[in-house]
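> So that you have it, the file is coords_22.txt, and it contains compact mmCIF, C-alpha atoms:
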# COMPACT_ATOMS: atom_id res chain seq x y z
CA MET A 1 6.03 -6.79 9.65
CA ILE A 2 8.39 -6.26 12.59
CA ARG A 3 7.33 -2.63 12.88
CA ASN A 4 3.66 -3.60 13.03
CA VAL A 5 4.34 -6.16 15.76
CA LEU A 6 6.41 -3.75 17.84
CA GLY A 7 3.91 -0.94 17.36
CA SER A 8 1.03 -3.23 18.33
CA VAL A 9 2.81 -4.24 21.54
CA LEU A 10 3.39 -0.59 22.47
CA ALA A 11 -0.21 0.31 21.66
CA LEU A 12 -1.68 -2.54 23.70
CA ALA A 13 0.60 -1.74 26.62
CA GLY A 14 -0.49 1.90 26.47
CA ALA A 15 -4.17 0.93 26.34
CA ALA A 16 -3.76 -1.34 29.36
CA ALA A 17 -1.97 1.38 31.34
CA ALA A 18 -4.69 3.89 30.48
CA VAL A 19 -7.52 1.56 31.57
CA LEU A 20 -5.81 0.63 34.85
CA SER A 21 -4.92 4.23 35.76
CA PRO A 22 -8.41 5.24 37.03
CA PHE A 23 -8.19 2.48 39.64
CA ARG A 24 -5.18 4.16 41.24
CA ASP A 25 -4.80 7.38 43.18
CA TRP A 26 -4.87 10.57 41.15
CA TYR A 27 -4.77 13.32 43.76
CA ASP A 28 -4.79 13.29 47.57
CA GLY A 29 -5.70 9.61 47.64
CA ARG A 30 -8.74 10.03 45.38
CA LEU A 31 -9.08 7.40 42.67
CA GLY A 32 -9.35 8.43 39.06
CA ARG A 33 -12.72 6.67 38.64
CA HIS A 34 -14.14 8.97 41.31
CA TYR A 35 -13.97 11.93 38.94
CA ARG A 36 -16.90 12.60 36.65
CA VAL A 37 -16.32 13.14 32.94
CA ASP A 38 -18.36 16.35 32.90
CA GLU A 39 -16.25 17.72 35.75
CA LEU A 40 -13.37 17.99 33.33
CA PHE A 41 -15.38 20.67 31.52
CA THR A 42 -17.30 22.32 34.36
CA GLY A 43 -14.95 21.99 37.34
CA ILE A 44 -13.91 19.43 39.96
CA THR A 45 -16.41 18.69 42.73
CA ALA A 46 -16.42 16.37 45.72
CA GLY A 47 -19.20 14.16 44.33
CA ARG A 48 -18.60 10.62 43.15
CA PRO A 49 -20.05 9.52 39.83
CA GLY A 50 -21.61 6.22 38.83
CA PRO A 51 -19.79 3.53 36.84
CA LEU A 52 -20.87 5.00 33.49
CA GLY A 53 -20.17 8.63 34.34
CA SER A 54 -16.56 8.50 35.49
CA ILE A 55 -13.39 9.23 33.60
CA LEU A 56 -12.95 5.48 33.25
CA VAL A 57 -15.48 5.49 30.38
CA ALA A 58 -13.28 7.80 28.30
CA PHE A 59 -10.27 5.59 28.83
CA LEU A 60 -12.25 2.46 27.97
CA PHE A 61 -13.31 4.11 24.73
CA ALA A 62 -9.66 4.93 23.96
CA ALA A 63 -8.67 1.33 24.69
CA VAL A 64 -11.31 0.03 22.27
CA LEU A 65 -10.00 2.40 19.60
CA ALA A 66 -6.48 1.12 20.21
CA VAL A 67 -7.50 -2.53 19.96
CA VAL A 68 -9.44 -1.94 16.74
CA GLY A 69 -6.49 0.01 15.35
CA VAL A 70 -4.12 -2.85 16.15
CA VAL A 71 -6.41 -5.41 14.51
CA LEU A 72 -6.85 -3.27 11.39
CA ARG A 73 -3.24 -2.04 11.51
CA SER A 74 -4.58 1.51 11.43
CA ARG A 75 -2.13 4.09 12.68
CA LEU A 76 -4.87 6.71 12.70
CA LEU A 77 -7.04 4.82 15.20
CA VAL A 78 -4.11 4.08 17.51
CA ALA A 79 -2.97 7.69 17.41
CA SER A 80 -6.54 8.86 18.08
CA ALA A 81 -6.65 6.66 21.19
CA GLY A 82 -3.43 8.23 22.43
CA VAL A 83 -4.78 11.72 21.84
CA VAL A 84 -7.95 10.91 23.80
CA VAL A 85 -5.99 9.57 26.79
CA LEU A 86 -3.53 12.44 26.88
CA GLY A 87 -6.26 15.00 26.24
CA PHE A 88 -8.42 13.86 29.15
CA THR A 89 -5.36 13.60 31.41
CA VAL A 90 -4.19 17.12 30.62
CA LEU A 91 -7.74 18.47 30.93
CA TRP A 92 -8.08 16.85 34.36
CA MET A 93 -4.80 18.41 35.48
CA VAL A 94 -6.03 21.84 34.39
CA ARG A 95 -9.34 21.49 36.28
CA GLN A 96 -7.68 20.00 39.33
CA GLY A 97 -5.16 22.81 39.41
CA GLU A 98 -7.99 25.33 39.26
CA SER A 99 -9.77 23.54 42.10
CA VAL A 100 -6.86 23.36 44.58
CA GLY A 101 -4.87 26.34 43.35
CA SER A 102 -1.77 24.39 42.31
CA LEU A 103 -0.68 20.84 41.68
CA THR A 104 1.93 19.32 43.95
CA VAL A 105 3.87 16.10 44.09
CA ALA A 106 4.51 14.78 47.61
CA GLY A 107 5.97 11.55 48.89
CA ASP A 108 3.17 11.01 51.39
CA GLY A 109 0.53 10.71 48.67
CA SER A 110 -1.02 14.13 49.29
CA GLY A 111 -0.33 15.37 45.75
CA LEU A 112 -0.41 13.83 42.33
CA GLY A 113 -0.63 10.06 42.46
CA TRP A 114 0.56 7.21 40.28
CA GLY A 115 -2.75 7.06 38.48
CA VAL A 116 -2.01 10.30 36.64
CA ALA A 117 1.45 9.05 35.72
CA GLY A 118 -0.05 5.80 34.42
CA ALA A 119 -2.57 7.67 32.28
CA ALA A 120 0.10 9.96 30.84
CA ALA A 121 2.42 7.02 30.17
CA GLY A 122 -0.43 5.13 28.47
CA GLY A 123 -1.11 8.03 26.14
CA VAL A 124 2.57 8.35 25.24
CA LEU A 125 2.83 4.61 24.55
CA LEU A 126 -0.20 4.78 22.27
CA LEU A 127 1.31 7.60 20.25
CA ALA A 128 4.65 5.79 20.12
CA GLY A 129 2.92 2.64 18.90
CA ALA A 130 1.19 4.58 16.14
CA ALA A 131 4.50 6.13 15.10
CA VAL A 132 6.30 2.76 15.00
CA MET A 133 3.59 0.89 13.10
CA SER A 134 3.98 0.79 9.34
CA GLY A 135 0.22 0.45 8.80
CA ARG A 136 -1.51 -1.29 5.94
CA ARG A 137 0.09 -1.33 2.54
CA GLY A 138 -2.03 -0.45 -0.45
CA ALA A 139 -2.40 -2.52 -3.56
CA GLY A 140 -0.04 -0.25 -5.47
CA HIS A 141 2.67 -0.39 -2.80
CA ARG A 142 4.67 -3.58 -3.23
CA SER A 143 8.15 -4.53 -2.23
CA VAL A 144 10.88 -5.21 -4.76
CA HIS A 145 10.56 -8.97 -4.32
CA ASP A 146 6.81 -8.95 -4.98
CA GLY A 147 7.36 -8.00 -8.60
CA HIS A 148 9.59 -11.05 -9.19
CA ASP A 149 7.24 -13.50 -7.52
CA ARG A 150 4.27 -12.68 -9.72
CA PRO A 151 4.13 -13.76 -13.39
CA TYR A 152 3.78 -11.21 -16.15
CA ALA A 153 0.27 -10.55 -17.33
CA ALA A 154 -0.60 -11.72 -20.82
CA PRO A 155 -0.93 -8.89 -23.37
CA GLY A 156 -4.28 -7.96 -24.83
CA SER A 157 -5.42 -8.48 -28.39
CA GLU A 158 -4.82 -4.82 -29.24
CA ASN A 159 -1.05 -5.18 -28.73
CA PRO A 160 -0.01 -8.76 -29.46
CA ASP A 161 3.66 -8.16 -30.26
CA THR A 162 4.71 -7.15 -26.75
CA TRP A 163 5.00 -10.67 -25.38
CA PRO A 164 7.26 -11.96 -23.93
CA PRO A 165 8.65 -8.98 -21.95
CA THR A 166 12.15 -9.54 -23.38
CA GLN A 167 11.05 -7.55 -26.47
CA GLU A 168 11.48 -10.60 -28.69
CA PRO A 169 9.07 -11.08 -31.62
CA GLY A 170 5.71 -12.23 -30.40
CA PRO A 171 2.79 -13.89 -32.13
CA SER A 172 1.77 -12.86 -35.62
CA VAL A 173 -0.51 -9.93 -36.09
CA GLN A 174 -2.24 -11.58 -39.08
CA THR A 175 -5.98 -11.68 -38.61
CA SER A 176 -6.91 -13.50 -41.85
CA THR A 177 -7.93 -17.15 -41.76
CA LEU A 178 -5.88 -17.89 -44.89
CA PRO A 179 -2.30 -19.11 -44.50
CA GLU A 180 0.44 -16.58 -44.79
CA PRO A 181 2.12 -16.40 -48.22
CA GLU A 182 5.51 -18.07 -48.18
CA PRO A 183 8.41 -16.22 -49.82
CA GLU A 184 9.86 -17.73 -53.05
CA LEU A 185 13.16 -19.46 -52.44
CA TYR A 186 14.43 -19.01 -56.05
CA THR A 187 16.91 -16.16 -56.10
CA GLY A 188 18.19 -16.43 -59.71
CA PRO A 189 17.21 -14.24 -62.70
CA ASP A 190 13.66 -14.06 -63.80
CA PRO A 191 12.92 -16.78 -66.44
CA ALA A 192 11.04 -14.22 -68.53
CA GLU A 193 14.30 -12.38 -69.06
CA ARG A 194 15.64 -15.33 -71.13
CA HIS A 195 13.10 -14.70 -73.95
CA ARG A 196 13.33 -10.94 -73.91
CA PRO A 197 15.51 -9.57 -76.77
CA VAL A 198 18.60 -7.67 -75.84
CA PRO A 199 18.35 -4.07 -77.02
CA GLY A 200 20.63 -3.29 -79.97
CA SER A 201 21.81 -6.88 -80.55
CA GLY A 202 19.01 -8.12 -82.77
CA ARG A 203 19.01 -11.53 -81.12
CA ALA A 204 17.30 -13.25 -78.28
CA PRO A 205 19.17 -13.80 -75.03
CA GLY A 206 19.16 -17.57 -75.69
CA SER A 207 20.62 -17.45 -79.28
CA ALA A 208 24.21 -18.28 -80.08
CA PRO A 209 26.61 -15.38 -80.39
CA GLY A 210 27.57 -14.39 -83.88
CA SER A 211 24.37 -15.47 -85.55
CA GLY A 212 22.85 -12.44 -87.14
CA SER A 213 19.56 -14.03 -88.14
CA ALA A 214 16.52 -13.15 -86.13
CA PRO A 215 14.26 -15.89 -84.82
CA ASP A 216 11.07 -16.69 -86.63
CA ALA A 217 7.60 -16.62 -85.15
CA ASP A 218 8.18 -19.98 -83.41
CA GLY A 219 11.30 -18.70 -81.68
CA ARG A 220 13.74 -20.64 -83.98
CA PRO A 221 16.57 -18.86 -85.74
CA GLN A 222 16.25 -18.42 -89.50
CA GLY A 223 18.88 -19.75 -91.88
Any chance you could give the structure as structure tokens?


Amino acid sequence: MIRNVLGSVLALAGAAAAVLSPFRDWYDGRLGRHYRVDELFTGITAGRPGPLGSILVAFLFAAVLAVVGVVLRSRLLVASAGVVVLGFTVLWMVRQGESVGSLTVAGDGSGLGWGVAGAAAGGVLLLAGAAVMSGRRGAGHRSVHDGHDRPYAAPGSENPDTWPPTQEPGPSVQTSTLPEPEPELYTGPDPAERHRPVPGSGRAPGSAPGSGSAPDADGRPQG
């Protein structure tokens, strides 16, 4: 957040410096808005362009890019604005140097003026603003605290035993409408074992010891 604010301030300051630079002297007392845009590609002449044909239009376009980039927090747009400002400034210096033979800096205003310095500084500030800005964060990029502020999503029906996220047992996987069978609580011997004869003894498990008579058909001992 702080990086975006600081980068936005630098970008807006650079855009303002770039737009104001054509209204100041660029070379030998000639204003920057008195240079045509096409002269930067064909050569510097003494003619003065109209409002829509001067170098000011290029800097206005760069300022619009910077403002849109700040609103959208787009580092690409802000950096593009800086490249446009610096590119046109350097291109003007190349054409002006070809026109006069060499570029000079004099205290009496006969050489490079403050307008060129303002344009160059504006381009540098735009690039610095783009470098400082953190830009927009995607949906997959979240801070560490964001994961704690949002509740866990409920599991789907295909994996019901993964809730809650503490790996504790979750809801039952049973899909039948009938109730679940309850386990038998009796843990003693099976009652059927009481009536089953013991091998080799000739008596039932429930008969008294020492009685050698076998039970009759009704289960009662004979004799």

> Considering all atoms listed in the file, state which residue in the set A:Ser8, A:Ser102, A:Thr89, A:Ser21 is at the smallest distance from Val70 (chain A).

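Smallest separation from Val70 (chain A) among the options: A:Ser8.
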
> Record the distance separating CA of Ala16 (chain A) and CA of Val83 (chain A), expressed in Å with one decimal.

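Result for CA of Ala16 (chain A) versus CA of Val83 (chain A): 15.1 Å, one decimal.
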
> So how far away is CA of Arg73 (chain A) from CA of Arg136 (chain A), in Å?

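CA of Arg136 (chain A) sits 5.9 Å away from CA of Arg73 (chain A).
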
> Find the residue from A:Met93, A:Ala15, A:Ala62, A:Ala117 that sits nearest to Gly43 (chain A); use all atoms listed in the file when measuring.

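That would be A:Met93, the residue with the smallest distance to Gly43 (chain A).
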
> Could you tell me how far CA of Leu12 (chain A) sits from CA of Gly69 (chain A), in Å to one decimal place?

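CA of Leu12 (chain A) lies 10.0 Å from CA of Gly69 (chain A).
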
> Taking into account only C-alpha atoms, which residue in the set A:Gly135, A:Gln96, A:Arg36, A:Gly47 is nearest to Pro22 (chain A)?

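Using only C-alpha atoms, the shortest distance to Pro22 (chain A) belongs to A:Arg36.
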
> List the spatial neighbours of Ile55 (chain A) as a VMD selection string - criterion: any atom at most 8 Å away, all atoms listed in the file, same-chain residues fewer than 6 positions off excluded.

chain A and resid 22 32 to 37

> Which is closer to Leu126 (chain A) than all the others in A:Leu65, A:Ile2, A:Val71, A:Ala79, using only C-alpha atoms?

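Ranked by minimum distance to Leu126 (chain A), first place goes to A:Ala79.
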
> Which of these, A:Val100, A:Arg75, A:Phe88, A:Ala119, has the shortest distance to Asn4 (chain A) once you count all atoms listed in the file?

A:Arg75

> Show me, as a ChimeraX atom specification, the residues that have an atom within 7 Å of Asp25 (chain A) when counting all atoms listed in the file, minus same-chain residues fewer than 5 positions from it.

/A:30-32,113-115

> Which is closer to Asp38 (chain A) than all the others in A:Ala58, A:Leu20, A:Leu127, A:Val68, using only C-alpha atoms?

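Result for the nearest residue to Asp38 (chain A): A:Ala58.
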